[in-house]
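A.B. asks: Below you will find the structure I want to go over with you.
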Amino acid sequence: VYLYVPKQKTSIFGRLFNYVSFNLLSTVIAVTRQRPDVIFVPSPPMTNGVAGYFISIRFRVPFIYNVQDIYPDIAIRLGVLQNSHLIALFQRMERFVYRKARAVSVISQGFRRNLLAKSVPDTKIAVIPNFVDTEFIHPLPRQNAFSKEHGLDGCFVILFAGNVGLSQSLSTVLAAAEQLAFHPDILFLIVGNGTAKPALQEQVRRKGLNNVRFFPFQPHEIVPEMYASADVGLVPLRKGITQESVPSKVFSIMAAARPLVASVDEGSETWDLIHKTNSGICVEPENPQALADAILNLYNHRTLATEMGLKGRACVEEHFTKEQVAQQYATLFERVVNRR
């Protein structure tokens with residue numbers, strides 16, 4: 001369907017119009033289609049939940065609200081949402097959707113605790129983690145077509161791949177790169193696009209950081225070789241961002257059998273997963289020295305890095321394959337439909 005795309009992604013009103021344009025038109029189209037048994041509504045944006053409710057009323061069928069990130073909480077933490085009236089509006093919308101959904105699926109125990117604190121009944125909540133396609137992203141040789149094409153062979157590559165946005169603490173990564181500039185074979189590779197990218201590129205140019213390179217998002221079929229071309233996968237986040245969930249890039253790095261270096265809050269879901277599986281090193285968020293030390297540790301101990309990567313791969317094969325997660329969703333759908 002048509003949707004309005006704001007010129008400035010940081011504009012809260014632009015994003016709101018983006019969501020509303022999609023929700024209005026998709027609802028009009030949805031109500032003309034064949035009656036479903038159940039409606040599955042992923043979020044964000046939370047306006048999807050309101051659209052899902054109206055479609056469920058039209059067909060008199062239940063809807064399941066799938067929470068991939070908790071709004072407006074995350075927008076408030078990032079400082080994107082500061083207007084008290086908008087915050088109150090979104091909080092009312094959040095409570096409305098939780099109340100009207102027949103079930104709410106969340107991707108972590110941290111999300112479950114968040115919803116319980118908001119008086120969502122425990123019987124309504126299903127914890128189903130995100131999956132990684134372990135057949136698509138799998139261990140490949142370090143030297144491959146991608147690494148050769150981009151001159152990565154002979155380098156110790158530290159890879160960040162994903163949205164270059166507000167929640168990522170990539171300025172910390174650049175500060176760590178500056179500290180490690182005396183190791184000419186350590187290369188920081190930032191793959192992706194986002195609102196923070198131009199400022200980061202200017203910072204690299206201004207400081208003359210020759211050990212940092214930027215790539216745009218890569219074609220889907222290139223992704224396995226891209227991860228294989230890395231020696232370490234980075235998950236750098238700002239303080240308070242990862243208390244309740246595990247970013248999907250964590251599972252992708254694990255699936256590629258590469259060790260993680262994660263700047264995340266101690267005791268967070270990501271911290272606990274990495275420590276439990278011994279698949280990488282966790283450091284304090286927004287601490288360039290700690291990040292540089294962790295990278296240097298793996299640089300100097302290649303066998304340890306390899307072992308951590310293999311343990312990460314074993315973890316996703318055991319718990320986070322698409323078949324395992326799909327079965328959990330199938331069970332949830334059947335339970336909701338049978339309850340109706």
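How things are named: the first chain in the structure tokens is A, the next is B, and so on; residues count from 1 in each chain; ligands count from 1 in the order shown.
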Residues of region 128-280 of chain A in strand (DSSP E or B) according to DSSP, as a list of chain:residue names?
C.D. replies: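 DSSP on the backbone gives strand (DSSP E or B) at A:Phe156, A:Val157, A:Ile158, A:Leu159, A:Phe160, A:Ala161, A:Gln168, A:Ile186, A:Leu187, A:Phe188, A:Leu189, A:Ile190, A:Val191, A:Val212, A:Arg213, A:Phe214, A:Phe215, A:Val232, A:Gly233, A:Leu234, A:Val235, A:Pro236, A:Leu237, A:Leu260, A:Val261, A:Ala262, A:Ser263, A:Gly280.
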A.B. asks: For the interface of region 220-265 of chain A with region 158-178 of chain A (cut-off 9 Å, counting only C-alpha atoms), please tabulate each contacting residue of region 220-265 of chain A alongside its nearest pair of atoms and their separation in Å to one decimal, rows sorted by chain and increasing number, as a Markdown table.
C.D. replies:
| residue | atom | partner | partner_atom | distance |
| --- | --- | --- | --- | --- |
| A:Met226 | CA | A:Leu159 | CA | 8.8 |
| A:Tyr227 | CA | A:Leu159 | CA | 7.7 |
| A:Ser229 | CA | A:Leu159 | CA | 8.6 |
| A:Ala230 | CA | A:Leu159 | CA | 5.8 |
| A:Asp231 | CA | A:Ile158 | CA | 6.2 |
| A:Val232 | CA | A:Ile158 | CA | 4.9 |
| A:Gly233 | CA | A:Leu159 | CA | 5.0 |
| A:Leu234 | CA | A:Phe160 | CA | 5.1 |
| A:Val235 | CA | A:Phe160 | CA | 6.9 |
| A:Pro236 | CA | A:Ser169 | CA | 5.4 |
| A:Leu237 | CA | A:Gln168 | CA | 4.5 |
| A:Arg238 | CA | A:Ser169 | CA | 5.2 |
| A:Lys239 | CA | A:Ser169 | CA | 8.7 |
| A:Ile241 | CA | A:Ser167 | CA | 6.9 |
| A:Lys249 | CA | A:Gly162 | CA | 7.5 |
| A:Ser263 | CA | A:Ser169 | CA | 8.4 |
A.B. asks: Can you pull out every residue from region 123-328 of chain A that DSSP, working from the backbone, puts in alpha helix (DSSP H), and format the result as a PyMOL selection string?
C.D. replies: chain A and resi 145-149+170-179+197-207+223-228+248-255+269-277+288-300+302-319+322-328
A.B. asks: How far is it from CA of Gly154 (chain A) to CA of Ala256 (chain A), in Å with one decimal?
C.D. replies: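 Rounded to one decimal, the two atoms are 19.3 Å apart.
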A.B. asks: Find the residues around Tyr4 (chain A) up to 8 Å (only C-alpha atoms counted), leave out those fewer than 4 positions away in its own chain, and share them as an NGL selection string.
C.D. replies: :A and (17-18 or 21-22)
A.B. asks: Which residues come within 7 Å of Val337 (chain A), counting only C-alpha atoms, excluding same-chain residues fewer than 3 positions away, as a VMD selection string?
C.D. replies: chain A and resid 37 to 38 333 to 334 340
A.B. asks: Please produce a file of those selected residues containing N, CA and C atoms, as a PDB file, in the first residue's frame.
C.D. replies:
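Dumped everything to again.pdb:
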ATOM      1  N   ASP A  37      -8.662 -16.801  10.377  1.00  0.00           N
ATOM      2  CA  ASP A  37      -8.911 -17.452  11.662  1.00  0.00           C
ATOM      3  C   ASP A  37      -8.324 -16.654  12.815  1.00  0.00           C
ATOM      4  N   VAL A  38      -7.217 -15.994  12.535  1.00  0.00           N
ATOM      5  CA  VAL A  38      -6.541 -15.214  13.566  1.00  0.00           C
ATOM      6  C   VAL A  38      -5.710 -14.149  12.865  1.00  0.00           C
ATOM      7  N   PHE A 333      -0.877 -19.888  17.928  1.00  0.00           N
ATOM      8  CA  PHE A 333      -2.031 -19.658  17.048  1.00  0.00           C
ATOM      9  C   PHE A 333      -3.144 -20.656  17.333  1.00  0.00           C
ATOM     10  N   GLU A 334      -2.774 -21.924  17.467  1.00  0.00           N
ATOM     11  CA  GLU A 334      -3.781 -22.962  17.714  1.00  0.00           C
ATOM     12  C   GLU A 334      -4.469 -22.750  19.053  1.00  0.00           C
ATOM     13  N   ARG A 340     -11.035 -19.418  21.268  1.00  0.00           N
ATOM     14  CA  ARG A 340     -12.177 -18.693  20.725  1.00  0.00           C
ATOM     15  C   ARG A 340     -13.384 -19.628  20.554  1.00  0.00           C
TER      16      ARG A 340
END
A.B. asks: Just checking: using only C-alpha atoms, which residue out of A:Val67, A:Leu298, A:Ala314, A:Leu152 ends up closest to Ala126 (chain A)?
C.D. replies: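 Closest to Ala126 (chain A) of all the choices is A:Val67.
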A.B. asks: Find the residues around Thr303 (chain A) up to 12 Å (only C-alpha atoms counted), leave out those fewer than 6 positions away in its own chain, and share them as a list in words.
C.D. replies: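 Everything that qualifies: Asp231, Arg258, Pro259, Asn297, Gly309 and Leu310 of chain A.
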A.B. asks: Please produce an output containing C-alpha atoms for each residue in the selection, written as a PDB file, in the first residue's frame.
C.D. replies:
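The resulting file, part34.pdb, is shown below:
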ATOM      1  CA  ASP A 231      36.930 -11.900  12.881  1.00  0.00           C
ATOM      2  CA  ARG A 258      32.064 -15.457  15.085  1.00  0.00           C
ATOM      3  CA  PRO A 259      32.811 -14.179  18.614  1.00  0.00           C
ATOM      4  CA  ASN A 297      42.056  -9.512  23.845  1.00  0.00           C
ATOM      5  CA  GLY A 309      32.421 -18.404  17.811  1.00  0.00           C
ATOM      6  CA  LEU A 310      31.799 -22.134  17.785  1.00  0.00           C
TER       7      LEU A 310
END
A.B. asks: Could you tell me how far CA of Tyr53 (chain A) sits from CA of Ser105 (chain A), in Å to one decimal place?
C.D. replies: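 Computed distance, CA of Ser105 (chain A) to CA of Tyr53 (chain A), equals 15.4 Å.
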A.B. asks: Enumerate, in order of chain and increasing residue number, the residues of region 104-190 of chain A with an atom no farther than 12 Å from region 269-280 of chain A, each with its shortest atom pair and distance in Å to one decimal, counting only C-alpha atoms, as a tab-separated table.
C.D. replies:
residue	atom	partner	partner_atom	distance
A:Ile107	CA	A:Glu269	CA	10.7
A:Ser108	CA	A:Glu269	CA	7.7
A:Gln109	CA	A:Glu269	CA	8.0
A:Gly110	CA	A:Glu269	CA	6.9
A:Phe111	CA	A:Glu269	CA	9.8
A:Arg112	CA	A:Glu269	CA	11.9
A:Arg113	CA	A:Glu269	CA	11.8
A:Pro129	CA	A:Glu269	CA	11.6
A.B. asks: Output the selection as a PDB file, in the first residue's frame - N, CA and C atoms for each residue.
C.D. replies:
ATOM      1  N   ILE A 107       9.527 -11.157  22.789  1.00  0.00           N
ATOM      2  CA  ILE A 107      10.721 -11.875  22.347  1.00  0.00           C
ATOM      3  C   ILE A 107      11.706 -12.172  23.476  1.00  0.00           C
ATOM      4  N   SER A 108      11.380 -11.778  24.719  1.00  0.00           N
ATOM      5  CA  SER A 108      12.315 -12.030  25.815  1.00  0.00           C
ATOM      6  C   SER A 108      11.589 -12.012  27.148  1.00  0.00           C
ATOM      7  N   GLN A 109      12.244 -12.582  28.145  1.00  0.00           N
ATOM      8  CA  GLN A 109      11.710 -12.546  29.504  1.00  0.00           C
ATOM      9  C   GLN A 109      11.699 -11.114  30.044  1.00  0.00           C
ATOM     10  N   GLY A 110      12.656 -10.293  29.591  1.00  0.00           N
ATOM     11  CA  GLY A 110      12.676  -8.898  30.009  1.00  0.00           C
ATOM     12  C   GLY A 110      11.431  -8.154  29.545  1.00  0.00           C
ATOM     13  N   PHE A 111      11.002  -8.425  28.310  1.00  0.00           N
ATOM     14  CA  PHE A 111       9.763  -7.829  27.808  1.00  0.00           C
ATOM     15  C   PHE A 111       8.570  -8.327  28.618  1.00  0.00           C
ATOM     16  N   ARG A 112       8.587  -9.592  28.956  1.00  0.00           N
ATOM     17  CA  ARG A 112       7.492 -10.157  29.759  1.00  0.00           C
ATOM     18  C   ARG A 112       7.395  -9.428  31.097  1.00  0.00           C
ATOM     19  N   ARG A 113       8.526  -9.194  31.760  1.00  0.00           N
ATOM     20  CA  ARG A 113       8.513  -8.493  33.043  1.00  0.00           C
ATOM     21  C   ARG A 113       8.000  -7.062  32.869  1.00  0.00           C
ATOM     22  N   PRO A 129      11.214 -16.255  21.312  1.00  0.00           N
ATOM     23  CA  PRO A 129      12.357 -15.465  20.840  1.00  0.00           C
ATOM     24  C   PRO A 129      12.351 -15.343  19.320  1.00  0.00           C
TER      25      PRO A 129
END
A.B. asks: Out of A:Gln324, A:Phe215, A:Leu296, A:Val336, which residue has the shortest atom-to-atom distance to Tyr65 (chain A) when counting only C-alpha atoms?
C.D. replies: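 Smallest distance to Tyr65 (chain A) is found for A:Val336.
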A.B. asks: What is the distance between CA of Pro216 (chain A) and CA of Gly192 (chain A), in Å to one decimal?
C.D. replies: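 Calculated distance between CA of Pro216 (chain A) and CA of Gly192 (chain A) is 4.8 Å.
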A.B. asks: Find the residues around Phe320 (chain A) up to 8 Å (only C-alpha atoms counted), leave out those fewer than 2 positions away in its own chain, and share them as number ranges by chain.
C.D. replies: A: 129-132, 251, 315-318, 322, 324-325
A.B. asks: Between A:Lys197, A:Lys124, A:Ile295, A:Glu135, which residue has the minimum interatomic distance to Glu323 (chain A), considering only C-alpha atoms?
C.D. replies: A:Glu135
A.B. asks: Sort by chain and increasing residue number a table of all residues of region 84-158 of chain A within 12 Å of region 58-63 of chain A, each with its closest pair of atoms and their distance in Å to one decimal, counting only C-alpha atoms, and write it as a tab-separated table.
C.D. replies:
residue	atom	partner	partner_atom	distance
A:Val97	CA	A:Phe63	CA	10.0
A:Tyr98	CA	A:Phe63	CA	10.6
A:Arg99	CA	A:Phe63	CA	11.2
A:Lys100	CA	A:Phe63	CA	8.3
A:Ala101	CA	A:Phe63	CA	5.6
A:Arg102	CA	A:Pro62	CA	5.7
A:Ala103	CA	A:Phe63	CA	7.2
A:Val104	CA	A:Phe63	CA	8.9
A:Ser105	CA	A:Phe63	CA	10.9
A:Lys124	CA	A:Phe63	CA	11.8
A.B. asks: Those same residues - N, CA, C and O atoms - I'd like them written as a compact mmCIF listing (two decimals), in the first residue's frame.
C.D. replies:
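File selection.txt, as written:
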# COMPACT_ATOMS: atom_id res chain seq x y z
N VAL A 97 -4.11 -1.51 23.38
CA VAL A 97 -3.77 -2.66 22.53
C VAL A 97 -3.54 -3.91 23.37
O VAL A 97 -4.01 -5.00 23.03
N TYR A 98 -2.81 -3.77 24.48
CA TYR A 98 -2.59 -4.92 25.35
C TYR A 98 -3.91 -5.48 25.87
O TYR A 98 -4.09 -6.70 26.00
N ARG A 99 -4.83 -4.59 26.17
CA ARG A 99 -6.12 -5.02 26.72
C ARG A 99 -6.97 -5.74 25.68
O ARG A 99 -7.63 -6.73 25.98
N LYS A 100 -6.92 -5.26 24.44
CA LYS A 100 -7.78 -5.82 23.40
C LYS A 100 -7.20 -7.06 22.73
O LYS A 100 -7.95 -7.87 22.16
N ALA A 101 -5.90 -7.24 22.76
CA ALA A 101 -5.29 -8.41 22.13
C ALA A 101 -5.68 -9.68 22.87
O ALA A 101 -5.72 -9.70 24.11
N ARG A 102 -5.96 -10.73 22.12
CA ARG A 102 -6.26 -12.01 22.77
C ARG A 102 -5.01 -12.60 23.40
O ARG A 102 -5.08 -13.26 24.45
N ALA A 103 -3.86 -12.38 22.77
CA ALA A 103 -2.58 -12.81 23.32
C ALA A 103 -1.52 -11.81 22.90
O ALA A 103 -1.66 -11.12 21.89
N VAL A 104 -0.45 -11.72 23.70
CA VAL A 104 0.67 -10.84 23.39
C VAL A 104 1.94 -11.69 23.39
O VAL A 104 2.29 -12.27 24.42
N SER A 105 2.60 -11.77 22.25
CA SER A 105 3.87 -12.50 22.18
C SER A 105 5.02 -11.52 22.29
O SER A 105 5.02 -10.48 21.63
N LYS A 124 -1.86 -14.06 29.36
CA LYS A 124 -1.99 -13.51 28.00
C LYS A 124 -0.65 -13.43 27.29
O LYS A 124 -0.59 -13.26 26.07
A.B. asks: Excluding Ala75 (chain A) and any residue of its chain fewer than 5 positions from it, enumerate the residues within 12 Å of it, using only C-alpha atoms, and give them as an NGL selection string.
C.D. replies: :A and (10 or 12 or 15 or 44-46 or 69-70 or 80-83 or 86-87 or 90-91 or 166-167 or 240-241)
A.B. asks: Deliver the residues from the most recent selection as a file, using C-alpha atoms, as a PDB file, in the first residue's frame.
C.D. replies:
ATOM      1  CA  THR A  10      14.117  12.008  13.216  1.00  0.00           C
ATOM      2  CA  ILE A  12       8.338  12.390  15.381  1.00  0.00           C
ATOM      3  CA  ARG A  15       7.036   9.096  11.618  1.00  0.00           C
ATOM      4  CA  PRO A  44       6.510  -1.434  16.266  1.00  0.00           C
ATOM      5  CA  PRO A  45       4.852   0.769  15.356  1.00  0.00           C
ATOM      6  CA  MET A  46       2.206   0.343  18.037  1.00  0.00           C
ATOM      7  CA  ASP A  69      10.292  -3.489  20.796  1.00  0.00           C
ATOM      8  CA  ILE A  70       8.402  -1.808  23.606  1.00  0.00           C
ATOM      9  CA  VAL A  80      13.168  10.888  20.578  1.00  0.00           C
ATOM     10  CA  LEU A  81       9.831  11.291  22.357  1.00  0.00           C
ATOM     11  CA  GLN A  82       9.814  14.172  24.840  1.00  0.00           C
ATOM     12  CA  ASN A  83       6.418  15.831  24.413  1.00  0.00           C
ATOM     13  CA  LEU A  86       2.392  12.586  22.976  1.00  0.00           C
ATOM     14  CA  ILE A  87       3.883  10.334  25.642  1.00  0.00           C
ATOM     15  CA  PHE A  90       1.081   6.596  23.218  1.00  0.00           C
ATOM     16  CA  GLN A  91       0.893   5.124  26.715  1.00  0.00           C
ATOM     17  CA  LEU A 166      20.291   6.513  17.583  1.00  0.00           C
ATOM     18  CA  SER A 167      20.347   3.384  19.745  1.00  0.00           C
ATOM     19  CA  GLY A 240      19.773   1.383  29.114  1.00  0.00           C
ATOM     20  CA  ILE A 241      18.880   0.122  25.625  1.00  0.00           C
TER      21      ILE A 241
END
A.B. asks: Of the candidates A:Ala145, A:Pro224, A:Thr195, A:Val157, which one gets nearest to Ser11 (chain A) if we count only C-alpha atoms?
C.D. replies: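 Of A:Ala145, A:Pro224, A:Thr195, A:Val157, the one nearest Ser11 (chain A) is A:Thr195, counting only C-alpha atoms.
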